[in-house]
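A quick write-up on the structure given underneath.
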Amino acid sequence: MSTPEPPRPAPQDSAAPPVHVPVLLDRVTDLLGPACAAEGAVLVDATLGLAGHALALLDAHPGLRLVGLDRDPHARAEAAARIAAAGHADRATLVPAVFDELPDVLDRLGLDEVHAVLFDLGVSSLQLDRADRGFSYAADGPLDMRMDPGAPRTAADVVNTYSAAELARVLRVYGEERFASRIAGAIVRERAREPFTGTERLAHLVRDSIPAATRRTGGNPAKRTFQALRIEVNDELGVLRRALPAALDALAVGGRVAVITFHSLEDRIVKQSLAELATDRTPPELPVRLPEYGPVLRLLTRGGEVASEAEVAANPRAASARVRAAERIRRAA
């Protein structure tokens with residue numbers, strides 16, 4: 001695990017600062033606020049990004065301490081600059097880590113428990129808006145998609161080396177793509193002529209592989225393929241499956257967790273993880289409920305709450321966002 005690093009100014013860049021509009025900001029601050037209000041409370045932002053949600057909570061709660069995790073050095077640098085500009089640098093510790101490293105991070109910092117945890121899943125604005133990161137199908141760039149630019153595997157590696165069957169599985173499972181086999185077959189045929197290096201060529205191939213009638217609805221036809229490749233490159237679902245139980249285990253009694261998801265695969269994992277700990281497990285043959293089998297969590301949201309029409313109109317990226325939240329009500333037996 002990497003060592004924590006203090007906030008530091010972002011490197012100078014000729015590009016304009018990234019515009020960052022956190023999704024479901026008001027709802028997340030309402031959900032996590034009660035757990036962040038006490039002096040010395042610790043918030044773990046497990047997917048720090050550009051620190052939009054974390055800054056709102058630091059602003060609202062003067063006694064709050066932030067531990068921010070992000071594998072992307074560019075995001076950490078920009079978040080550090082924003083936190084410092086807001087006057088909160090002395091209350092923030094930023095750590096270069098993937099969020100499934102949370103137990104090691106907390107151990108390194110000497111924290112036995114925390115009071116709030118936030119996961120804002122998916123790709124950050126900084127990553128999506130920079131064509132050179134390769135996440136966007138709307139602008140040409142290198143076929144990269146690594147959240148950690150130092151990670152060994154890129155999207156080009158996946159596209160150029162996976163078999164047709166492996167590619168079809170990735171697109172079908174992670175992108176929920178109906179035409180996964182057609183797209184995978186087209187990729188394999190086209191890469192034999194010339195390996196894929198850029199996003200534009202891949203996006204055009206995906207579009208041409210999908211029936212014309214289907215292309216007319218549902219947005220950019222490359223969206224699902226790019227989502228699937230991004231998830232595969234960064235092991236996003238595997239990281240979430242490992243990280244969420246660790247985060248819930250680290251919560252103090254009265255502590256709260258909020259998770260923002262952007263597609264059904266993430267949301268299903270979160271729903272199942274929270275529901276499992278919010279269920280009474282007293283054996284059905286017993287006449288009374290036993291406290292030691294009682295729920296560990298209390299659900300704070302009714303299903304996955306979505307953004308309002310007004311928020312979606314102002315920030316279209318909020319259209320697919322859902323938030324689920326829960327509060328720890330007792331320690332597990």
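FYI, nothing fancy with the structure tokens labels: chains A, B, ... in order, residues from 1 per chain, ligands from 1 as they appear.
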
* **Close residues, Phe196 in chain A itself excluded, 9 Å, only C-alpha atoms, min 4 positions apart in chain, as a VMD selection string** => chain A and resid 143 156 to 157 159 to 160 187 190 to 191 201 to 202

With N, CA and C atoms retained, could you export that selection as a short mmCIF file (atom, residue, chain, number, x, y, z; two decimals), in the first residue's frame?
```cif
data_model
loop_
_atom_site.label_atom_id
_atom_site.label_comp_id
_atom_site.auth_asym_id
_atom_site.auth_seq_id
_atom_site.Cartn_x
_atom_site.Cartn_y
_atom_site.Cartn_z
N LEU A 143 -6.33 4.75 -26.74
CA LEU A 143 -7.24 3.74 -26.18
C LEU A 143 -6.64 3.25 -24.86
N ALA A 156 -6.43 -0.75 -24.95
CA ALA A 156 -5.84 -1.27 -26.19
C ALA A 156 -5.34 -2.70 -26.01
N ASP A 157 -4.78 -3.00 -24.85
CA ASP A 157 -4.34 -4.36 -24.58
C ASP A 157 -5.51 -5.34 -24.63
N VAL A 159 -8.50 -4.89 -26.16
CA VAL A 159 -9.08 -4.96 -27.50
C VAL A 159 -8.19 -5.75 -28.46
N ASN A 160 -6.89 -5.63 -28.31
CA ASN A 160 -5.97 -6.23 -29.28
C ASN A 160 -5.52 -7.64 -28.92
N ILE A 187 -14.21 -6.54 -34.10
CA ILE A 187 -12.94 -6.09 -33.53
C ILE A 187 -11.81 -7.04 -33.93
N GLU A 190 -10.95 -6.63 -37.61
CA GLU A 190 -10.33 -5.35 -37.93
C GLU A 190 -8.93 -5.22 -37.35
N ARG A 191 -8.71 -5.78 -36.16
CA ARG A 191 -7.38 -5.67 -35.56
C ARG A 191 -6.36 -6.52 -36.31
N ARG A 201 -11.54 5.28 -33.78
CA ARG A 201 -11.67 4.13 -34.68
C ARG A 201 -12.54 3.04 -34.05
N LEU A 202 -12.32 2.79 -32.76
CA LEU A 202 -13.13 1.77 -32.09
C LEU A 202 -14.59 2.19 -32.02
#
```

Identify, on the basis of only C-alpha atoms, every residue whose closest approach to Ile269 in chain A does not exceed 8 Å; exclude the query and any residue fewer than 3 positions from it along the same chain; express the result as a short mmCIF file (atom, residue, chain, number, x, y, z; two decimals) with C-alpha atoms, in the first residue's frame.
```cif
data_model
loop_
_atom_site.label_atom_id
_atom_site.label_comp_id
_atom_site.auth_asym_id
_atom_site.auth_seq_id
_atom_site.Cartn_x
_atom_site.Cartn_y
_atom_site.Cartn_z
CA LEU A 240 -16.29 -2.78 -5.29
CA ARG A 241 -17.08 -6.32 -4.09
CA LEU A 265 -24.17 -3.90 -12.22
CA GLU A 266 -22.78 -1.59 -9.53
CA GLN A 272 -27.34 -6.82 -2.04
CA SER A 273 -24.51 -5.83 0.32
#
```

* **Best match for closeness to Pro96 in chain A among A:Leu121, A:Val259, A:Leu69, A:Ala84, counting only C-alpha atoms** =>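 Ranking A:Leu121, A:Val259, A:Leu69, A:Ala84 by distance to Pro96 in chain A, first place goes to A:Leu69.
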
* Counting only C-alpha atoms, what is within 12 Å of Arg172 in chain A, bar same-chain residues fewer than 2 positions away, as an MDAnalysis selection string? -> chainID A and resid 164:170 174:184 224:229 232 265

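Omitting range 34-51 of chain A and its sequence neighbours fewer than 6 positions away, and counting only C-alpha atoms, the residues within 7 Å are A:His61, A:Gly63, A:Leu64, A:Arg65, A:Leu66, A:Val67, A:Gly68, A:Leu69, A:Asp70, A:Ala75, A:Arg76, A:Glu78, A:Ala79, A:Phe99, A:Val114, A:His115, A:Ala116, A:Val117, A:Leu118, A:Phe119, A:Asp120, A:Leu121, A:Ser124, A:Gly254, A:Gly255, A:Arg256.
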
Can you write out the residues you just picked, keeping N, CA, C and O atoms, as a short mmCIF file (atom, residue, chain, number, x, y, z; two decimals), in the first residue's frame?
```cif
data_model
loop_
_atom_site.label_atom_id
_atom_site.label_comp_id
_atom_site.auth_asym_id
_atom_site.auth_seq_id
_atom_site.Cartn_x
_atom_site.Cartn_y
_atom_site.Cartn_z
N HIS A 61 -19.10 21.03 8.16
CA HIS A 61 -18.79 20.44 9.47
C HIS A 61 -17.34 20.77 9.85
O HIS A 61 -16.41 20.06 9.47
N GLY A 63 -15.54 20.34 12.39
CA GLY A 63 -14.75 19.38 13.14
C GLY A 63 -14.47 18.10 12.39
O GLY A 63 -13.90 17.15 12.95
N LEU A 64 -14.82 18.06 11.11
CA LEU A 64 -14.70 16.84 10.31
C LEU A 64 -13.29 16.67 9.77
O LEU A 64 -12.65 17.63 9.34
N ARG A 65 -12.81 15.44 9.77
CA ARG A 65 -11.53 15.09 9.16
C ARG A 65 -11.79 14.23 7.93
O ARG A 65 -12.63 13.33 7.97
N LEU A 66 -11.07 14.49 6.85
CA LEU A 66 -11.23 13.77 5.60
C LEU A 66 -10.05 12.85 5.33
O LEU A 66 -8.90 13.27 5.45
N VAL A 67 -10.35 11.61 4.96
CA VAL A 67 -9.37 10.71 4.38
C VAL A 67 -9.85 10.43 2.96
O VAL A 67 -10.92 9.84 2.77
N GLY A 68 -9.10 10.89 1.97
CA GLY A 68 -9.51 10.77 0.58
C GLY A 68 -8.64 9.79 -0.17
O GLY A 68 -7.41 9.92 -0.17
N LEU A 69 -9.26 8.81 -0.82
CA LEU A 69 -8.53 7.81 -1.59
C LEU A 69 -8.77 8.02 -3.08
O LEU A 69 -9.91 8.27 -3.49
N ASP A 70 -7.73 7.94 -3.87
CA ASP A 70 -7.88 7.94 -5.32
C ASP A 70 -6.62 7.39 -5.96
O ASP A 70 -5.51 7.76 -5.55
N ALA A 75 -6.18 13.41 -10.46
CA ALA A 75 -7.34 13.74 -9.64
C ALA A 75 -6.91 14.16 -8.24
O ALA A 75 -7.43 15.14 -7.69
N ARG A 76 -5.96 13.44 -7.66
CA ARG A 76 -5.51 13.82 -6.31
C ARG A 76 -4.91 15.22 -6.29
O ARG A 76 -5.15 16.00 -5.37
N GLU A 78 -5.52 17.76 -8.32
CA GLU A 78 -6.58 18.76 -8.48
C GLU A 78 -7.43 18.85 -7.22
O GLU A 78 -7.79 19.95 -6.77
N ALA A 79 -7.75 17.70 -6.61
CA ALA A 79 -8.52 17.72 -5.37
C ALA A 79 -7.76 18.44 -4.27
O ALA A 79 -8.32 19.22 -3.49
N PHE A 99 -9.73 1.85 -3.71
CA PHE A 99 -10.53 1.86 -2.49
C PHE A 99 -10.69 0.49 -1.84
O PHE A 99 -11.12 0.40 -0.69
N VAL A 114 -14.40 4.62 11.45
CA VAL A 114 -14.70 5.91 10.82
C VAL A 114 -16.19 6.16 10.95
O VAL A 114 -16.97 5.28 11.33
N HIS A 115 -16.60 7.39 10.63
CA HIS A 115 -17.98 7.78 10.90
C HIS A 115 -18.81 7.95 9.64
O HIS A 115 -20.05 7.97 9.71
N ALA A 116 -18.17 8.10 8.51
CA ALA A 116 -18.90 8.20 7.24
C ALA A 116 -18.00 7.72 6.12
O ALA A 116 -16.78 7.94 6.15
N VAL A 117 -18.61 7.05 5.15
CA VAL A 117 -17.88 6.58 3.97
C VAL A 117 -18.72 6.91 2.74
O VAL A 117 -19.93 6.66 2.73
N LEU A 118 -18.06 7.46 1.74
CA LEU A 118 -18.72 7.78 0.48
C LEU A 118 -18.01 7.08 -0.66
O LEU A 118 -16.78 7.12 -0.76
N PHE A 119 -18.80 6.42 -1.51
CA PHE A 119 -18.31 5.89 -2.78
C PHE A 119 -19.08 6.61 -3.89
O PHE A 119 -20.31 6.51 -3.94
N ASP A 120 -18.38 7.30 -4.76
CA ASP A 120 -18.97 7.90 -5.96
C ASP A 120 -18.34 7.16 -7.13
O ASP A 120 -17.25 7.50 -7.59
N LEU A 121 -19.02 6.12 -7.60
CA LEU A 121 -18.40 5.17 -8.51
C LEU A 121 -18.37 5.69 -9.95
O LEU A 121 -18.93 6.72 -10.27
N SER A 124 -14.52 9.76 -13.31
CA SER A 124 -14.63 11.14 -12.82
C SER A 124 -14.68 12.13 -13.97
O SER A 124 -14.31 11.82 -15.11
N GLY A 254 -23.63 4.25 14.50
CA GLY A 254 -24.08 5.59 14.16
C GLY A 254 -23.43 6.13 12.90
O GLY A 254 -23.85 7.18 12.39
N GLY A 255 -22.43 5.44 12.41
CA GLY A 255 -21.78 5.84 11.18
C GLY A 255 -22.64 5.54 9.97
O GLY A 255 -23.52 4.68 10.00
N ARG A 256 -22.37 6.28 8.88
CA ARG A 256 -23.20 6.14 7.69
C ARG A 256 -22.35 5.92 6.43
O ARG A 256 -21.24 6.43 6.34
#
```

* Asked: Per DSSP on the backbone, what are the alpha helix (DSSP H) residues of range 118-282 of chain A, as an MDAnalysis selection string?
  -> chainID A and resid 125:129 155:161 164:175 180:193 199:209 212:215 223:234 236:250 264:277

* Asked: In range 74-313 of chain A, what's strand (DSSP E) per DSSP? Answer as a PyMOL selection string?
  -> chain A and resi 92-95+114-120+251-261+297-299+305-306

Can you write just those residues out, N, CA, C and O atoms, as an mmCIF file, in the first residue's frame?
```cif
data_model
loop_
_atom_site.group_PDB
_atom_site.id
_atom_site.type_symbol
_atom_site.label_atom_id
_atom_site.label_comp_id
_atom_site.auth_asym_id
_atom_site.auth_seq_id
_atom_site.Cartn_x
_atom_site.Cartn_y
_atom_site.Cartn_z
ATOM 1 N N ALA A 92 -7.320 17.312 5.922
ATOM 2 C CA ALA A 92 -7.443 16.337 4.847
ATOM 3 C C ALA A 92 -6.160 15.541 4.685
ATOM 4 O O ALA A 92 -5.067 16.096 4.708
ATOM 5 N N THR A 93 -6.317 14.252 4.528
ATOM 6 C CA THR A 93 -5.216 13.354 4.201
ATOM 7 C C THR A 93 -5.595 12.626 2.922
ATOM 8 O O THR A 93 -6.605 11.914 2.892
ATOM 9 N N LEU A 94 -4.809 12.819 1.867
ATOM 10 C CA LEU A 94 -5.088 12.181 0.586
ATOM 11 C C LEU A 94 -4.122 11.031 0.389
ATOM 12 O O LEU A 94 -2.922 11.170 0.610
ATOM 13 N N VAL A 95 -4.667 9.899 -0.055
ATOM 14 C CA VAL A 95 -3.885 8.672 -0.130
ATOM 15 C C VAL A 95 -3.944 8.113 -1.550
ATOM 16 O O VAL A 95 -5.040 7.931 -2.089
ATOM 17 N N VAL A 114 -14.401 4.622 11.452
ATOM 18 C CA VAL A 114 -14.705 5.908 10.822
ATOM 19 C C VAL A 114 -16.193 6.164 10.954
ATOM 20 O O VAL A 114 -16.968 5.278 11.328
ATOM 21 N N HIS A 115 -16.601 7.387 10.628
ATOM 22 C CA HIS A 115 -17.975 7.785 10.896
ATOM 23 C C HIS A 115 -18.813 7.954 9.635
ATOM 24 O O HIS A 115 -20.055 7.965 9.712
ATOM 25 N N ALA A 116 -18.174 8.097 8.506
ATOM 26 C CA ALA A 116 -18.902 8.204 7.243
ATOM 27 C C ALA A 116 -17.999 7.721 6.119
ATOM 28 O O ALA A 116 -16.782 7.941 6.147
ATOM 29 N N VAL A 117 -18.613 7.047 5.148
ATOM 30 C CA VAL A 117 -17.884 6.583 3.973
ATOM 31 C C VAL A 117 -18.722 6.910 2.744
ATOM 32 O O VAL A 117 -19.931 6.660 2.725
ATOM 33 N N LEU A 118 -18.060 7.460 1.743
ATOM 34 C CA LEU A 118 -18.720 7.779 0.479
ATOM 35 C C LEU A 118 -18.011 7.076 -0.662
ATOM 36 O O LEU A 118 -16.778 7.119 -0.760
ATOM 37 N N PHE A 119 -18.795 6.423 -1.510
ATOM 38 C CA PHE A 119 -18.308 5.892 -2.779
ATOM 39 C C PHE A 119 -19.082 6.606 -3.894
ATOM 40 O O PHE A 119 -20.306 6.512 -3.945
ATOM 41 N N ASP A 120 -18.381 7.301 -4.759
ATOM 42 C CA ASP A 120 -18.975 7.899 -5.957
ATOM 43 C C ASP A 120 -18.337 7.156 -7.132
ATOM 44 O O ASP A 120 -17.253 7.500 -7.588
ATOM 45 N N LEU A 251 -17.221 1.066 9.832
ATOM 46 C CA LEU A 251 -18.127 2.095 10.348
ATOM 47 C C LEU A 251 -18.351 1.948 11.849
ATOM 48 O O LEU A 251 -18.618 0.852 12.344
ATOM 49 N N ALA A 252 -18.278 3.071 12.548
ATOM 50 C CA ALA A 252 -18.671 3.108 13.950
ATOM 51 C C ALA A 252 -20.187 2.987 14.053
ATOM 52 O O ALA A 252 -20.913 3.255 13.088
ATOM 53 N N VAL A 253 -20.670 2.599 15.224
ATOM 54 C CA VAL A 253 -22.115 2.618 15.455
ATOM 55 C C VAL A 253 -22.590 4.059 15.304
ATOM 56 O O VAL A 253 -22.012 4.981 15.869
ATOM 57 N N GLY A 254 -23.627 4.253 14.504
ATOM 58 C CA GLY A 254 -24.085 5.593 14.159
ATOM 59 C C GLY A 254 -23.433 6.134 12.902
ATOM 60 O O GLY A 254 -23.848 7.179 12.388
ATOM 61 N N GLY A 255 -22.426 5.436 12.413
ATOM 62 C CA GLY A 255 -21.775 5.844 11.178
ATOM 63 C C GLY A 255 -22.637 5.538 9.969
ATOM 64 O O GLY A 255 -23.525 4.679 10.003
ATOM 65 N N ARG A 256 -22.366 6.275 8.878
ATOM 66 C CA ARG A 256 -23.202 6.137 7.687
ATOM 67 C C ARG A 256 -22.355 5.924 6.435
ATOM 68 O O ARG A 256 -21.236 6.426 6.344
ATOM 69 N N VAL A 257 -22.929 5.193 5.480
ATOM 70 C CA VAL A 257 -22.300 4.982 4.189
ATOM 71 C C VAL A 257 -23.278 5.420 3.105
ATOM 72 O O VAL A 257 -24.492 5.219 3.234
ATOM 73 N N ALA A 258 -22.750 6.046 2.063
ATOM 74 C CA ALA A 258 -23.544 6.401 0.890
ATOM 75 C C ALA A 258 -22.773 5.966 -0.349
ATOM 76 O O ALA A 258 -21.561 6.172 -0.431
ATOM 77 N N VAL A 259 -23.484 5.373 -1.295
ATOM 78 C CA VAL A 259 -22.851 4.867 -2.514
ATOM 79 C C VAL A 259 -23.632 5.377 -3.716
ATOM 80 O O VAL A 259 -24.840 5.127 -3.829
ATOM 81 N N ILE A 260 -22.940 6.085 -4.602
ATOM 82 C CA ILE A 260 -23.532 6.552 -5.850
ATOM 83 C C ILE A 260 -23.087 5.620 -6.962
ATOM 84 O O ILE A 260 -21.892 5.409 -7.165
ATOM 85 N N THR A 261 -24.056 5.047 -7.663
ATOM 86 C CA THR A 261 -23.757 4.147 -8.777
ATOM 87 C C THR A 261 -24.281 4.750 -10.073
ATOM 88 O O THR A 261 -25.150 5.635 -10.066
ATOM 89 N N LEU A 297 -27.376 -2.917 9.975
ATOM 90 C CA LEU A 297 -27.580 -1.637 9.291
ATOM 91 C C LEU A 297 -29.050 -1.260 9.286
ATOM 92 O O LEU A 297 -29.935 -2.121 9.315
ATOM 93 N N ARG A 298 -29.290 0.041 9.204
ATOM 94 C CA ARG A 298 -30.627 0.588 8.932
ATOM 95 C C ARG A 298 -30.557 1.320 7.596
ATOM 96 O O ARG A 298 -29.732 2.223 7.426
ATOM 97 N N LEU A 299 -31.389 0.911 6.650
ATOM 98 C CA LEU A 299 -31.379 1.549 5.344
ATOM 99 C C LEU A 299 -31.943 2.966 5.446
ATOM 100 O O LEU A 299 -32.961 3.195 6.105
ATOM 101 N N GLU A 305 -32.168 5.994 -4.911
ATOM 102 C CA GLU A 305 -32.772 7.300 -5.187
ATOM 103 C C GLU A 305 -32.080 7.954 -6.378
ATOM 104 O O GLU A 305 -30.854 7.901 -6.509
ATOM 105 N N VAL A 306 -32.858 8.596 -7.224
ATOM 106 C CA VAL A 306 -32.327 9.199 -8.442
ATOM 107 C C VAL A 306 -32.331 10.718 -8.315
ATOM 108 O O VAL A 306 -32.945 11.288 -7.413
#
```

* Asked: For Ser320 in chain A, which residue among A:Asp90, A:Asp280, A:Asp267, A:Asp140 is the nearest when counting only C-alpha atoms?
  ->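 Comparing A:Asp90, A:Asp280, A:Asp267, A:Asp140 against Ser320 in chain A, the winner is A:Asp267.
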
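Residues lying within 9 Å of Asp249 in chain A, counting only C-alpha atoms and ignoring same-chain neighbours fewer than 6 positions away, are Glu113, Arg331 and Ala332 of chain A.
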
Determine, using only C-alpha atoms, which residues of range 169-242 of chain A have any atom at most 9 Å from an atom of range 130-139 of chain A, and tabulate each with its shortest atom pair and distance in Å to one decimal place, rows ordered by chain and then rising number, as JSON lines.
```
{"residue": "A:Gly198", "atom": "CA", "partner": "A:Gly134", "partner_atom": "CA", "distance": 7.7}
{"residue": "A:Thr199", "atom": "CA", "partner": "A:Tyr137", "partner_atom": "CA", "distance": 6.1}
{"residue": "A:Glu200", "atom": "CA", "partner": "A:Tyr137", "partner_atom": "CA", "distance": 6.5}
{"residue": "A:Leu202", "atom": "CA", "partner": "A:Tyr137", "partner_atom": "CA", "distance": 8.4}
{"residue": "A:Ala203", "atom": "CA", "partner": "A:Tyr137", "partner_atom": "CA", "distance": 5.9}
{"residue": "A:Asn220", "atom": "CA", "partner": "A:Tyr137", "partner_atom": "CA", "distance": 8.3}
{"residue": "A:Ala222", "atom": "CA", "partner": "A:Tyr137", "partner_atom": "CA", "distance": 6.6}
{"residue": "A:Lys223", "atom": "CA", "partner": "A:Tyr137", "partner_atom": "CA", "distance": 7.1}
{"residue": "A:Phe226", "atom": "CA", "partner": "A:Tyr137", "partner_atom": "CA", "distance": 7.1}
{"residue": "A:Gln227", "atom": "CA", "partner": "A:Phe135", "partner_atom": "CA", "distance": 8.5}
{"residue": "A:Arg230", "atom": "CA", "partner": "A:Phe135", "partner_atom": "CA", "distance": 7.4}
```

* **Among the residues A:Leu106, A:Met145, A:Val123, A:Val98, the one that comes closest to Gly238 in chain A [using only C-alpha atoms]** =>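 Of A:Leu106, A:Met145, A:Val123, A:Val98, the one nearest Gly238 in chain A is A:Val98, counting only C-alpha atoms.
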